[in-house]
Structures are given as structure tokens and as C-alpha cells.
$ cat entry_24.tsv   # TSV, C-alpha atoms
chain	number	residue	atom	x	y	z
A	1	MET	CA	-228.66	152.11	-5.51
A	2	ILE	CA	-226.57	155.25	-5.18
A	3	VAL	CA	-224.65	153.72	-2.30
A	4	THR	CA	-224.01	150.59	-4.36
A	5	PHE	CA	-222.79	152.69	-7.26
A	6	LEU	CA	-220.53	154.82	-5.07
A	7	LEU	CA	-219.15	151.77	-3.32
A	8	GLY	CA	-218.43	150.10	-6.66
A	9	TRP	CA	-216.75	153.27	-7.92
A	10	TRP	CA	-214.63	153.59	-4.80
A	11	LEU	CA	-213.53	149.95	-4.95
A	12	LEU	CA	-212.55	150.17	-8.61
A	13	SER	CA	-210.70	153.47	-7.98
A	14	GLN	CA	-208.29	151.60	-5.71
A	15	VAL	CA	-206.87	149.82	-8.76
A	16	ASP	CA	-204.05	151.61	-10.60
A	17	TRP	CA	-205.60	151.28	-14.06
A	18	VAL	CA	-203.28	153.85	-15.62
A	19	SER	CA	-200.22	151.73	-14.79
A	20	ILE	CA	-201.83	148.39	-15.56
A	21	LEU	CA	-203.10	149.51	-18.94
A	22	ARG	CA	-199.98	151.66	-19.50
A	23	ILE	CA	-202.09	154.59	-20.51
A	24	LYS	CA	-200.33	157.77	-21.49
A	25	PRO	CA	-202.19	161.03	-21.89
A	26	ALA	CA	-202.74	161.88	-25.55
A	27	LYS	CA	-200.67	165.02	-25.09
A	28	GLU	CA	-197.72	162.99	-23.83
A	29	ILE	CA	-197.95	160.67	-26.83
A	30	ALA	CA	-198.09	163.68	-29.17
A	31	ASP	CA	-195.11	165.34	-27.45
A	32	GLU	CA	-193.10	162.13	-27.68
A	33	LYS	CA	-193.78	161.69	-31.36
A	34	LEU	CA	-193.11	165.33	-32.22
A	35	GLY	CA	-189.98	165.50	-30.09
A	36	LYS	CA	-188.51	162.37	-31.70
A	37	LEU	CA	-189.39	163.63	-35.17
A	38	ILE	CA	-187.65	166.97	-34.64
A	39	PHE	CA	-184.68	165.31	-32.91
A	40	SER	CA	-184.22	163.00	-35.90
A	41	THR	CA	-183.35	166.07	-38.00
A	42	PHE	CA	-180.39	166.79	-35.66
A	43	GLU	CA	-179.26	163.23	-35.04
A	44	LYS	CA	-176.38	163.34	-37.51
A	45	GLU	CA	-174.91	166.39	-35.78
A	46	VAL	CA	-175.03	165.00	-32.24
A	47	VAL	CA	-171.68	164.98	-30.46
A	48	LYS	CA	-170.71	161.56	-29.21
A	49	ALA	CA	-167.34	162.36	-27.60
A	50	LYS	CA	-167.40	161.46	-23.92
A	51	SER	CA	-165.27	164.49	-23.09
A	52	VAL	CA	-168.37	166.54	-24.03
A	53	THR	CA	-171.29	164.29	-23.11
A	54	LEU	CA	-170.12	163.28	-19.63
A	55	PRO	CA	-169.59	166.80	-18.22
A	56	LEU	CA	-172.91	167.91	-19.70
A	57	ASP	CA	-174.64	164.96	-18.06
A	58	THR	CA	-172.96	165.82	-14.76
A	59	LEU	CA	-174.29	169.37	-14.90
A	60	LYS	CA	-177.74	168.13	-15.88
A	61	ARG	CA	-177.73	165.60	-13.05
A	62	ARG	CA	-176.82	168.24	-10.49
A	63	ILE	CA	-179.64	170.54	-11.61
A	64	CYS	CA	-182.22	167.74	-11.83
A	65	GLN	CA	-181.36	166.03	-8.55
A	66	ALA	CA	-181.39	169.28	-6.60
A	67	ASN	CA	-184.82	170.17	-8.01
A	68	GLY	CA	-186.60	166.84	-7.91
A	69	ILE	CA	-186.68	166.50	-11.70
A	70	ASP	CA	-186.47	162.98	-13.10
A	71	GLU	CA	-183.18	163.02	-15.03
A	72	LYS	CA	-184.46	160.50	-17.54
A	73	THR	CA	-187.08	162.98	-18.73
A	74	ILE	CA	-184.37	165.44	-19.82
A	75	LYS	CA	-182.45	164.22	-22.86
A	76	LEU	CA	-179.40	166.48	-23.25
A	77	TYR	CA	-177.33	166.51	-26.43
A	78	ALA	CA	-174.50	168.65	-27.76
A	79	ILE	CA	-174.61	169.56	-31.45
A	80	HIS	CA	-171.74	170.16	-33.85
A	81	SER	CA	-172.53	173.76	-34.64
A	82	ASN	CA	-170.68	177.05	-34.21
A	83	GLU	CA	-173.94	178.90	-33.67
A	84	ILE	CA	-174.24	180.32	-30.18
A	85	ASN	CA	-177.51	178.61	-29.45
A	86	ALA	CA	-179.32	176.17	-27.19
A	87	PHE	CA	-182.94	175.12	-27.48
A	88	ALA	CA	-185.50	172.75	-26.09
A	89	LEU	CA	-187.68	170.36	-28.05
A	90	PRO	CA	-190.89	168.57	-27.06
A	91	TYR	CA	-190.48	165.38	-25.02
A	92	GLY	CA	-187.65	166.76	-22.92
A	93	TYR	CA	-184.86	167.16	-25.48
A	94	VAL	CA	-182.31	169.90	-24.75
A	95	MET	CA	-179.89	170.70	-27.53
A	96	VAL	CA	-176.76	172.77	-26.88
A	97	ASN	CA	-174.50	173.90	-29.68
A	98	LEU	CA	-170.74	173.57	-29.18
A	99	GLY	CA	-170.51	177.20	-30.22
A	100	LEU	CA	-172.40	178.21	-27.09
A	101	ILE	CA	-170.37	175.96	-24.80
A	102	ALA	CA	-167.21	177.54	-26.21
A	103	LYS	CA	-168.53	180.99	-25.29
A	104	CYS	CA	-169.17	180.11	-21.63
A	105	GLU	CA	-166.51	181.41	-19.28
A	106	ASP	CA	-167.26	178.80	-16.65
A	107	GLU	CA	-169.48	175.84	-15.86
A	108	ALA	CA	-171.97	177.98	-13.95
A	109	ALA	CA	-172.77	179.97	-17.09
A	110	LEU	CA	-173.35	176.76	-19.04
A	111	ALA	CA	-175.40	175.38	-16.14
A	112	GLY	CA	-177.52	178.52	-16.36
A	113	VAL	CA	-178.26	177.91	-20.02
A	114	LEU	CA	-179.17	174.28	-19.29
A	115	ALA	CA	-181.35	175.31	-16.35
A	116	HIS	CA	-183.13	177.83	-18.57
A	117	GLU	CA	-183.93	175.24	-21.24
A	118	ILE	CA	-184.97	172.68	-18.59
A	119	ALA	CA	-187.31	175.32	-17.17
A	120	HIS	CA	-188.95	175.72	-20.59
A	121	ILE	CA	-189.52	171.95	-20.66
A	122	GLN	CA	-190.89	171.76	-17.12
A	123	LYS	CA	-193.31	174.58	-17.83
A	124	ASN	CA	-194.36	173.07	-21.17
A	125	HIS	CA	-193.45	176.24	-23.07
A	126	ILE	CA	-192.37	174.43	-26.23
A	127	SER	CA	-195.82	173.02	-26.96
A	128	LYS	CA	-197.41	176.38	-26.21
A	129	LYS	CA	-194.99	178.11	-28.59
A	130	LEU	CA	-195.53	175.57	-31.36
A	131	VAL	CA	-199.31	175.72	-31.10
A	132	LYS	CA	-199.17	179.52	-31.13
A	133	GLU	CA	-196.73	179.83	-34.06
A	134	ILE	CA	-197.77	176.91	-36.20
A	135	GLY	CA	-201.21	175.88	-34.99
A	136	ALA	CA	-202.60	172.77	-33.39
A	137	ALA	CA	-203.95	171.42	-36.68
A	138	ALA	CA	-200.55	171.61	-38.37
A	139	ILE	CA	-198.87	169.97	-35.38
A	140	GLY	CA	-201.48	167.22	-35.50
A	141	LYS	CA	-200.78	166.73	-39.20
A	142	ILE	CA	-197.05	166.31	-38.55
A	143	ILE	CA	-197.69	163.83	-35.75
A	144	LEU	CA	-200.18	161.79	-37.73
A	145	ASN	CA	-198.40	161.83	-41.09
A	146	ASP	CA	-194.76	161.72	-39.97
A	147	ALA	CA	-194.51	164.70	-42.32
A	148	ALA	CA	-190.90	165.28	-43.28
A	149	GLY	CA	-191.71	168.15	-45.60
A	150	GLU	CA	-192.20	171.85	-45.24
A	151	LEU	CA	-194.24	171.65	-42.06
A	152	LEU	CA	-191.50	169.83	-40.15
A	153	SER	CA	-188.90	172.32	-41.42
A	154	GLU	CA	-191.09	175.13	-40.14
A	155	VAL	CA	-191.37	173.43	-36.75
A	156	VAL	CA	-187.57	173.01	-36.58
A	157	HIS	CA	-187.16	176.69	-37.47
A	158	VAL	CA	-189.60	177.73	-34.74
A	159	VAL	CA	-187.95	175.72	-31.97
A	160	THR	CA	-184.41	176.73	-32.92
A	161	SER	CA	-184.86	180.31	-34.01
A	162	ARG	CA	-187.97	182.01	-32.74
A	163	ALA	CA	-188.17	183.56	-29.31
A	164	TYR	CA	-190.76	182.63	-26.75
A	165	ASP	CA	-192.94	185.52	-25.68
A	166	ARG	CA	-191.63	187.74	-22.94
A	167	GLY	CA	-193.83	186.20	-20.28
A	168	LEU	CA	-192.58	182.69	-20.97
A	169	GLU	CA	-188.93	183.81	-21.09
A	170	SER	CA	-189.32	185.61	-17.80
A	171	GLU	CA	-190.92	182.54	-16.26
A	172	ALA	CA	-188.09	180.32	-17.54
A	173	ASP	CA	-185.48	182.76	-16.20
A	174	GLN	CA	-187.04	182.84	-12.74
A	175	LEU	CA	-187.33	179.09	-12.61
A	176	ALA	CA	-183.79	178.63	-13.93
A	177	THR	CA	-182.46	180.96	-11.23
A	178	SER	CA	-184.32	178.92	-8.64
A	179	TYR	CA	-182.92	175.68	-10.09
A	180	LEU	CA	-179.36	177.04	-9.97
A	181	CYS	CA	-179.85	178.26	-6.45
A	182	LYS	CA	-181.10	174.91	-5.18
A	183	ALA	CA	-178.27	173.16	-6.99
A	184	GLY	CA	-175.76	175.41	-5.24
A	185	ILE	CA	-174.62	176.96	-8.54
A	186	GLU	CA	-173.82	180.65	-8.84
A	187	THR	CA	-176.34	182.61	-10.87
A	188	LYS	CA	-174.11	185.58	-11.66
A	189	PRO	CA	-172.11	183.84	-14.42
A	190	PHE	CA	-175.36	183.11	-16.28
A	191	ALA	CA	-176.35	186.78	-16.08
A	192	GLU	CA	-172.84	187.77	-17.18
A	193	LEU	CA	-173.02	185.41	-20.15
A	194	MET	CA	-176.20	187.08	-21.36
A	195	LYS	CA	-174.74	190.54	-21.03
A	196	LYS	CA	-171.56	189.42	-22.77
A	197	LEU	CA	-173.38	187.85	-25.69
A	198	GLU	CA	-175.57	190.95	-26.05
A	199	LYS	CA	-172.47	193.14	-26.31
A	200	ASP	CA	-170.64	190.92	-28.77
A	201	ALA	CA	-173.64	190.01	-30.88
A	202	SER	CA	-173.43	189.73	-34.61
A	203	LEU	CA	-176.49	188.46	-36.45
A	204	ASP	CA	-175.40	185.09	-37.75
A	205	ALA	CA	-173.34	183.47	-35.01
A	206	PHE	CA	-175.19	184.67	-31.94
A	207	LYS	CA	-178.53	183.07	-32.48
A	208	TRP	CA	-179.21	182.49	-28.78
A	209	VAL	CA	-179.04	186.23	-28.31
A	210	SER	CA	-181.32	187.07	-31.19
A	211	THR	CA	-183.83	184.47	-30.05
A	212	HIS	CA	-183.67	185.74	-26.47
A	213	PRO	CA	-184.18	189.47	-26.71
A	214	ASP	CA	-183.86	192.06	-23.95
A	215	ASN	CA	-180.89	190.24	-22.50
A	216	GLU	CA	-179.67	193.23	-20.49
A	217	GLU	CA	-183.00	193.44	-18.72
A	218	ARG	CA	-183.12	189.70	-18.22
A	219	ALA	CA	-179.55	189.62	-16.92
A	220	ALA	CA	-180.50	192.31	-14.42
A	221	GLN	CA	-183.55	190.31	-13.32
A	222	ILE	CA	-181.50	187.13	-12.91
A	223	THR	CA	-178.97	189.06	-10.83
A	224	ARG	CA	-181.77	190.40	-8.64
A	225	ASP	CA	-183.45	186.98	-8.25
A	226	GLY	CA	-180.13	185.30	-7.61
A	227	ALA	CA	-179.03	187.83	-4.97
A	228	ALA	CA	-180.90	185.93	-2.26
A	229	CYS	CA	-179.02	182.80	-3.19
A	230	THR	CA	-176.10	182.42	-0.83
A	231	ASN	CA	-175.43	178.72	-0.92
A	232	ALA	CA	-173.36	178.52	-4.10
A	233	ASN	CA	-170.65	176.07	-3.22
A	234	SER	CA	-167.77	174.35	-4.89
A	235	LYS	CA	-167.43	173.59	-8.55
A	236	ILE	CA	-169.32	170.69	-10.07
A	237	LEU	CA	-166.75	169.71	-12.68
A	238	ALA	CA	-163.06	169.24	-12.07
A	239	GLU	CA	-161.06	172.02	-13.71
A	240	PRO	CA	-159.34	169.72	-16.25
A	241	THR	CA	-162.75	168.30	-17.24
A	242	TRP	CA	-164.18	171.77	-17.78
A	243	GLN	CA	-161.12	172.89	-19.75
A	244	GLU	CA	-161.27	169.81	-21.95
A	245	LEU	CA	-164.96	170.44	-22.62
A	246	LYS	CA	-164.31	174.05	-23.53
A	247	THR	CA	-161.32	173.25	-25.72
A	248	LYS	CA	-163.19	170.50	-27.53
A	249	SER	CA	-166.12	172.85	-28.10
A	250	GLU	CA	-163.86	175.63	-29.41
A	251	ILE	CA	-162.03	173.30	-31.82
A	252	SER	CA	-165.20	171.69	-33.09
A	253	SER	CA	-167.03	174.97	-33.54
A	254	GLU	CA	-164.07	176.46	-35.39
A	255	LYS	CA	-164.00	173.46	-37.73
A	256	ASN	CA	-167.65	174.10	-38.40
A	257	LEU	CA	-167.02	177.66	-39.64
B	1	MET	CA	-233.42	143.26	-6.45
B	2	ILE	CA	-236.51	142.41	-8.52
B	3	HIS	CA	-239.74	141.12	-6.97
B	4	ILE	CA	-242.80	139.70	-8.60
B	5	ARG	CA	-245.82	140.75	-6.62
B	6	PRO	CA	-249.54	140.48	-7.15
B	7	PHE	CA	-251.19	143.52	-8.69
B	8	SER	CA	-254.59	144.77	-7.60
B	9	TYR	CA	-256.22	143.22	-10.66
B	10	ARG	CA	-255.45	140.99	-13.61
B	11	PRO	CA	-254.41	143.15	-16.61
B	12	SER	CA	-255.79	142.61	-20.11
B	13	GLU	CA	-253.66	141.68	-23.12
B	14	SER	CA	-253.43	145.24	-24.41
B	15	GLU	CA	-252.44	146.48	-20.97
B	16	LYS	CA	-249.71	143.88	-20.74
B	17	GLU	CA	-248.40	144.97	-24.12
B	18	GLN	CA	-248.48	148.70	-23.29
B	19	ALA	CA	-246.79	148.18	-19.93
B	20	SER	CA	-244.09	146.04	-21.54
B	21	ASN	CA	-243.47	148.68	-24.22
B	22	SER	CA	-242.70	151.29	-21.56
B	23	TYR	CA	-239.55	149.35	-20.69
B	24	LEU	CA	-238.65	148.84	-24.32
B	25	MET	CA	-238.74	152.63	-24.84
B	26	SER	CA	-235.67	152.98	-22.65
B	27	LEU	CA	-233.79	150.63	-24.95
B	28	VAL	CA	-234.74	152.62	-28.05
B	29	ALA	CA	-231.80	155.01	-27.88
B	30	ILE	CA	-229.30	152.19	-27.34
B	31	ILE	CA	-230.75	150.27	-30.29
B	32	ALA	CA	-230.51	153.42	-32.39
B	33	GLY	CA	-226.84	153.64	-31.41
B	34	LEU	CA	-227.07	157.12	-29.98
B	35	PRO	CA	-224.59	158.09	-27.27
B	36	LEU	CA	-226.48	160.94	-25.62
B	37	PRO	CA	-227.73	159.83	-22.20
B	38	ILE	CA	-230.84	162.02	-22.23
B	39	LEU	CA	-232.46	160.26	-25.18
B	40	ASN	CA	-233.35	157.18	-23.09
B	41	LEU	CA	-235.09	159.39	-20.58
B	42	LEU	CA	-236.88	161.43	-23.23
B	43	ALA	CA	-238.22	158.31	-24.95
B	44	THR	CA	-239.50	156.92	-21.64
B	45	LEU	CA	-240.93	160.33	-20.63
B	46	ILE	CA	-242.81	160.74	-23.89
B	47	PHE	CA	-244.24	157.24	-23.52
B	48	TYR	CA	-245.27	157.99	-19.93
B	49	LEU	CA	-246.94	161.27	-20.93
B	50	GLY	CA	-248.80	159.45	-23.66
B	51	ASN	CA	-250.11	156.88	-21.16
B	52	ARG	CA	-250.80	159.12	-18.17
B	53	LYS	CA	-254.52	158.53	-18.45
B	54	SER	CA	-254.25	154.86	-19.15
B	55	THR	CA	-255.09	152.00	-16.79
B	56	PRO	CA	-253.35	151.65	-13.39
B	57	PHE	CA	-251.19	148.72	-14.51
B	58	VAL	CA	-249.88	150.60	-17.54
B	59	ARG	CA	-249.41	153.84	-15.58
B	60	TRP	CA	-247.53	152.07	-12.81
B	61	HIS	CA	-245.04	150.43	-15.13
B	62	CYS	CA	-244.56	153.59	-17.20
B	63	MET	CA	-243.71	155.40	-13.97
B	64	GLN	CA	-241.28	152.69	-12.83
B	65	ALA	CA	-239.58	152.71	-16.24
B	66	LEU	CA	-239.30	156.51	-16.10
B	67	LEU	CA	-237.91	156.67	-12.55
B	68	SER	CA	-235.31	153.99	-13.26
B	69	GLN	CA	-234.00	156.17	-16.10
B	70	LEU	CA	-233.35	159.16	-13.84
B	71	SER	CA	-230.36	157.77	-11.98
B	72	LEU	CA	-229.05	156.38	-15.24
B	73	LEU	CA	-229.34	159.86	-16.74
B	74	VAL	CA	-227.20	161.33	-13.97
B	75	ILE	CA	-224.55	158.60	-14.18
B	76	ASN	CA	-224.38	158.55	-17.97
B	77	SER	CA	-224.32	162.35	-18.20
B	78	ILE	CA	-221.38	162.54	-15.81
B	79	THR	CA	-219.59	159.85	-17.84
B	80	PHE	CA	-220.29	161.65	-21.11
B	81	TRP	CA	-219.16	165.12	-20.00
B	82	TRP	CA	-216.14	163.80	-18.11
B	83	THR	CA	-215.06	162.02	-21.31
B	84	ILE	CA	-215.53	165.21	-23.33
B	85	ALA	CA	-213.45	167.11	-20.77
B	86	ILE	CA	-210.61	164.59	-21.14
B	87	LEU	CA	-210.79	164.67	-24.93
B	88	THR	CA	-210.65	168.47	-24.93
B	89	ASP	CA	-207.75	168.47	-22.45
B	90	LYS	CA	-209.75	170.09	-19.67
B	91	ALA	CA	-209.29	167.04	-17.45
B	92	GLN	CA	-206.74	164.27	-17.08
B	93	PHE	CA	-207.31	160.60	-17.71
B	94	SER	CA	-207.16	159.09	-14.23
B	95	ASN	CA	-207.88	155.95	-12.23
B	96	GLN	CA	-211.02	157.64	-10.85
B	97	TYR	CA	-212.30	158.31	-14.37
B	98	LEU	CA	-211.73	154.76	-15.55
B	99	ALA	CA	-213.28	153.37	-12.36
B	100	PHE	CA	-216.33	155.60	-12.93
B	101	VAL	CA	-216.65	154.47	-16.54
B	102	LEU	CA	-216.38	150.79	-15.56
B	103	THR	CA	-218.95	151.21	-12.78
B	104	ALA	CA	-221.25	153.10	-15.15
B	105	ILE	CA	-220.91	150.36	-17.77
B	106	GLY	CA	-221.71	147.75	-15.13
B	107	TYR	CA	-224.70	149.78	-13.97
B	108	ASN	CA	-225.97	150.13	-17.53
B	109	ILE	CA	-225.59	146.41	-18.20
B	110	VAL	CA	-227.54	145.56	-15.04
B	111	GLU	CA	-230.18	148.10	-16.07
B	112	ILE	CA	-230.50	146.66	-19.59
B	113	VAL	CA	-230.76	143.10	-18.32
B	114	ALA	CA	-233.32	144.11	-15.70
B	115	THR	CA	-235.27	146.11	-18.28
B	116	ILE	CA	-235.45	143.24	-20.76
B	117	TYR	CA	-236.41	140.80	-18.00
B	118	THR	CA	-239.10	143.13	-16.72
B	119	ALA	CA	-240.42	143.77	-20.24
B	120	VAL	CA	-240.80	140.02	-20.80
B	121	GLN	CA	-242.41	139.38	-17.41
B	122	THR	CA	-244.77	142.32	-17.77
B	123	ARG	CA	-245.80	141.11	-21.22
B	124	ASN	CA	-246.79	137.87	-19.47
B	125	GLY	CA	-248.98	139.83	-17.08
B	126	LEU	CA	-246.70	139.62	-14.05
B	127	HIS	CA	-246.26	142.68	-11.87
B	128	VAL	CA	-242.52	143.27	-11.42
B	129	GLU	CA	-241.30	145.66	-8.77
B	130	TRP	CA	-237.69	146.75	-8.74
B	131	PHE	CA	-235.71	147.38	-5.58
B	132	PHE	CA	-235.96	151.08	-4.66
B	133	TYR	CA	-237.71	152.17	-7.89
B	134	GLY	CA	-240.71	149.97	-7.13
B	135	THR	CA	-241.08	151.59	-3.72
B	136	LEU	CA	-240.70	155.04	-5.27
B	137	THR	CA	-243.30	154.25	-7.90
B	138	ASN	CA	-245.72	153.07	-5.22
B	139	LEU	CA	-245.30	156.44	-3.53
B	140	PHE	CA	-246.05	158.43	-6.66
B	141	SER	CA	-248.77	156.40	-8.29
B	142	THR	CA	-252.25	155.20	-7.40
B	143	LYS	CA	-253.04	151.60	-8.27

$ encode --input "entry_24.tsv" --output "C-alpha cells"
Amino acid sequence: MIVTFLLGWWLLSQVDWVSILRIKPAKEIADEKLGKLIFSTFEKEVVKAKSVTLPLDTLKRRICQANGIDEKTIKLYAIHSNEINAFALPYGYVMVNLGLIAKCEDEAALAGVLAHEIAHIQKNHISKKLVKEIGAAAIGKIILNDAAGELLSEVVHVVTSRAYDRGLESEADQLATSYLCKAGIETKPFAELMKKLEKDASLDAFKWVSTHPDNEERAAQITRDGAACTNANSKILAEPTWQELKTKSEISSEKNL
Amino acid sequence: MIHIRPFSYRPSESEKEQASNSYLMSLVAIIAGLPLPILNLLATLIFYLGNRKSTPFVRWHCMQALLSQLSLLVINSITFWWTIAILTDKAQFSNQYLAFVLTAIGYNIVEIVATIYTAVQTRNGLHVEWFFYGTLTNLFSTK
């Protein structure tokens, strides 16, 4: 009887039920719903200009391809905002403000920011942060009720403004450094960007700094982790493309002020 | 799978009824709509304990009913706790899980059909021996 049962189990296990029945884990469904809900609050501010979206996609593609990450799972958008900020949402959304792009000296610094946010997504830090700050029950309520009220505003505030705990930031930094390294992108500009933003910080505009504390220490760690990386090769974007991206970001973020 | 064999004597009406009821006990929990796998076994065990000193025919069938519930207990318990683990995010929904659930459902259906069949046949005074469990019961009981 046991043999019959085990044989039956083994035979049925050979069928890919998950694909046939298109079953998604409940967590994935929840992440998708929450991510889309939060993204909908930013949709009007999304930058559509190809001079911005194409270079960003190129950087994203380089990082993802070099690290075996499915590009389609990372949904990268630039936002019309002068705030120096970038953040990740559930379901693979990465949002980068034009203000932050304008502050990057070169593409490697911007790639560092993208790699950092992609690392948060790959390590599922966003869900952990939301559950910790807001609570699983509240998250469940938003998902089930499509709540557009106070709860959703609180969630948006948490993902855009509140820092992850030190452990998660450190993990994201290490992983980002590894991503950059494998993609052949210099890590030093990313570390320099953090130090620069720390020095220039004023409360309102430099949100990425205030949400990512201890930047000097983190910059030092990134420099140390990136020291072993010797394969940084040529630029990803053509110089005119990068300049156009930066100029567009500077103009748009100034208009926003 | 199921064999009808001659018993050592012809059972009386009350014996036939008692023996048949031992199989119906295992269906009690399902009828009551309760999901816990142990309830089937407990119902059958209590019935067996209550008929331990009864006639050989009744004792034999109580024992067979009880033994057939043991493997079902193991299978259904695994299914139950694996499902709880998935619902509480301690395990992932996988092909192996679904295959196990389908096999367990199939096993339970076969068990229910066999149980009802045996209950009916036993009520008619026929001695029904199941594959494997009949042999096991013969080992443990004295006719």
C-alpha cells in the first residue's frame, strides 16, 4: 500500500502543476497588488521622455544581465521630482527622482543607486520593512480593500521616506557592490556620491541621504568591498546620451522647484 | 484488493451489525465535516476498545477497520500539516505538495469506497479481507 502510494505520488510529481494551473504564491499575489497600488499614486509623475527612459533601461539591463536577474521583474521609472531620492516598491518597482539623477556625476554613480534599490528588491527588504513599520494586518487590509485612504498614504510615506534598518541597508550595499562589480561598473563613484550628498545635505531636498543614514560609513564599506573589483571596463552609455540625461534631469528638477 | 473468504463460523444478526458498524465509525468524522485526520482513528479506536471482548467476527472486523485507519492517519496528517505550513508561509506551494494532496485524495476516496463496500458486505454476513490489512489483522487477532 505504501509502495503504491509513493509510486502514485512520484508519478504525479512529474507533472508541472504550478505552471499548468498558473499558481502564484499568495505572497507574490500580495506583492503584486500592493506594488501596483503604490505605483498608481506616482503614475502621473512618471517621466515618459525617451532621453530619460532609454538610458535608465540600458543601465538596468547591464546590471540585471550581468547578475542573472530577469529584467522584466524590475520595473524602473523616473519621477518628475527635485527631491534627491530613489526607492523601491513591492513587485519590483524602482523609482528614481530626476533630482537624484541630476546630482550624479557619472553613470556609475547612478548605476550604484539602481543596483542598491535592485538589491533591496532581490532580498525582499520592502515587504519586511512594510510589515515591520505598518503591520501585516494593515497591509492585508490595503490589499483586500484597495484602500486609497490613510493607510495607503502611510505605506507610500514608509517606502519613500523611512530608512531600512542598518542590517538591511548593509546587505543591500554589499549586494549592490557585487552587482556593479559583475557588471563591470566602477563602485567608487557610488561611494563618492554618498559622501557628496552627506556633505551637501539640507533636510528637504536630500531625502535619499536622510533615509539612508551613516553614509560616510557606508561609503567607506562600499569602497572596501569594491576594492577587489578590478574589471570595471568602458562606459555603458555614450557620452552624449549621458549628458542629455543629466541635462534633462537638471532642467526638469529645476522646473519642479 | 478485497477478498471475500469464509469465516470460521456463521455470524449472528447482531454480530453482523456490530462488525458493519466498525467500518461506519471511520466515516463518522467525514460525515461530521471535521478536517482533523485523527478523529477517524479515534472513533474507530473507541469502537474497537468497546468491542474487545466481543465475538471473534466482531473483533476481527473492528481490528481490520482500526488498522486501515493507521496509514490514512499518517497520510492525512502529513497533508494537513504541510497545508498549514504553506498557509503560514513556512513552506512553498510546489508540484510535490499538489501531487501529494492529489494522491492523498485518491487514497481517501479508495478507502471510503472500500469501507462502504465492506460495511455492506459485512452486514450481509460475508467476511471481507482487505489486501495487506486483512493479513495484518490475521496476525494480530484470534478467530

$ closest_residue --input "entry_24.tsv" --among "A:Ile69, A:Val159, A:Ile29, A:Leu21" --to "Val131 of chain A" --atoms "only C-alpha atoms"
A:Val159

$ closest_atom_pairs --input "entry_24.tsv" --of "chain A" --to "chain B" --cutoff "9 Å" --atoms "all atoms listed in the file" --output "CSV"
residue,atom,partner,partner_atom,distance
A:Met1,CA,B:Phe132,CA,7.4
A:Ile2,CA,B:Ser71,CA,8.2
A:Phe5,CA,B:Thr103,CA,6.9
A:Leu6,CA,B:Thr103,CA,8.7
A:Gly8,CA,B:Thr103,CA,6.2
A:Trp9,CA,B:Phe100,CA,5.5
A:Trp10,CA,B:Ala99,CA,7.7
A:Leu11,CA,B:Ala99,CA,8.2
A:Leu12,CA,B:Ala99,CA,5.0
A:Ser13,CA,B:Gln96,CA,5.1
A:Gln14,CA,B:Asn95,CA,7.8
A:Val15,CA,B:Asn95,CA,7.1
A:Asp16,CA,B:Asn95,CA,6.0
A:Trp17,CA,B:Asn95,CA,5.5
A:Val18,CA,B:Asn95,CA,6.1
A:Ile23,CA,B:Phe93,CA,8.4
A:Lys24,CA,B:Phe93,CA,8.4
A:Pro25,CA,B:Phe93,CA,6.6
A:Ala26,CA,B:Leu87,CA,8.5
A:Lys27,CA,B:Asp89,CA,8.3

$ residues_around --input "entry_24.tsv" --residues "Asn51 of chain B" --least-positions-apart "3" --cutoff "10 Å" --atoms "only C-alpha atoms" --output "CSV table (one decimal) with C-alpha atoms, keeping the file's coordinate frame"
chain,number,residue,atom,x,y,z
B,18,GLN,CA,-248.5,148.7,-23.3
B,19,ALA,CA,-246.8,148.2,-19.9
B,22,SER,CA,-242.7,151.3,-21.6
B,45,LEU,CA,-240.9,160.3,-20.6
B,46,ILE,CA,-242.8,160.7,-23.9
B,47,PHE,CA,-244.2,157.2,-23.5
B,48,TYR,CA,-245.3,158.0,-19.9
B,54,SER,CA,-254.2,154.9,-19.2
B,55,THR,CA,-255.1,152.0,-16.8
B,56,PRO,CA,-253.4,151.6,-13.4
B,58,VAL,CA,-249.9,150.6,-17.5
B,59,ARG,CA,-249.4,153.8,-15.6
B,60,TRP,CA,-247.5,152.1,-12.8
B,62,CYS,CA,-244.6,153.6,-17.2
B,63,MET,CA,-243.7,155.4,-14.0

$ closest_residue --input "entry_24.tsv" --among "A:Leu175, A:Ala88, A:Cys229, A:Leu197" --to "Glu117 of chain A" --atoms "only C-alpha atoms"
A:Ala88

$ atom_distance --input "entry_24.tsv" --atom1 "atom CA of Leu168 of chain A" --atom2 "atom CA of Lys123 of chain A"
8.7 Å

$ closest_residue --input "entry_24.tsv" --among "B:Leu39, B:Leu24, B:Ala85, B:Val113" --to "Leu73 of chain B" --atoms "all atoms listed in the file"
B:Leu39

$ closest_residue --input "entry_24.tsv" --among "B:Ser8, B:Thr137, B:Gln69, B:Thr115" --to "Asn21 of chain B" --atoms "all atoms listed in the file"
B:Thr115

$ atom_distance --input "entry_24.tsv" --atom1 "atom CA of Asn67 of chain A" --atom2 "atom CA of Val158 of chain A"
28.2 Å

$ residues_around --input "entry_24.tsv" --residues "segment 188-195 of chain A" --least-positions-apart "5" --cutoff "8 Å" --atoms "all atoms listed in the file" --output "list in words"
Cys104, Glu105, Asp106, Ala108, Ala109, Leu110, Ala111, Gly112, Val113, Val209, Asn215, Glu216, Arg218, Ala219, Ala220, Ile222, Thr223 and Gly226 of chain A

$ atom_distance --input "entry_24.tsv" --atom1 "atom CA of His3 of chain B" --atom2 "atom CA of Ala43 of chain B"
24.9 Å

$ build_atoms --input "entry_24.tsv" --residues "segment 118-128 of chain B" --atoms "N, CA and C atoms" --output "compact mmCIF listing (two decimals), keeping the file's coordinate frame"
# COMPACT_ATOMS: atom_id res chain seq x y z
N THR B 118 -237.82 142.55 -17.16
CA THR B 118 -239.10 143.13 -16.72
C THR B 118 -240.07 143.26 -17.89
N ALA B 119 -239.57 143.64 -19.06
CA ALA B 119 -240.42 143.77 -20.24
C ALA B 119 -241.07 142.42 -20.57
N VAL B 120 -240.29 141.37 -20.49
CA VAL B 120 -240.80 140.02 -20.80
C VAL B 120 -241.85 139.60 -19.77
N GLN B 121 -241.51 139.80 -18.49
CA GLN B 121 -242.41 139.38 -17.41
C GLN B 121 -243.71 140.17 -17.43
N THR B 122 -243.58 141.47 -17.72
CA THR B 122 -244.77 142.32 -17.77
C THR B 122 -245.66 141.93 -18.94
N ARG B 123 -245.05 141.56 -20.04
CA ARG B 123 -245.80 141.11 -21.22
C ARG B 123 -246.60 139.86 -20.89
N ASN B 124 -246.08 139.09 -19.91
CA ASN B 124 -246.79 137.87 -19.47
C ASN B 124 -247.80 138.16 -18.37
N GLY B 125 -247.96 139.45 -18.05
CA GLY B 125 -248.98 139.83 -17.08
C GLY B 125 -248.50 139.84 -15.64
N LEU B 126 -247.23 139.63 -15.42
CA LEU B 126 -246.70 139.62 -14.05
C LEU B 126 -246.31 141.04 -13.64
N HIS B 127 -246.57 141.34 -12.38
CA HIS B 127 -246.26 142.68 -11.87
C HIS B 127 -244.88 142.65 -11.23
N VAL B 128 -243.92 143.30 -11.87
CA VAL B 128 -242.52 143.27 -11.42
C VAL B 128 -242.17 144.58 -10.73
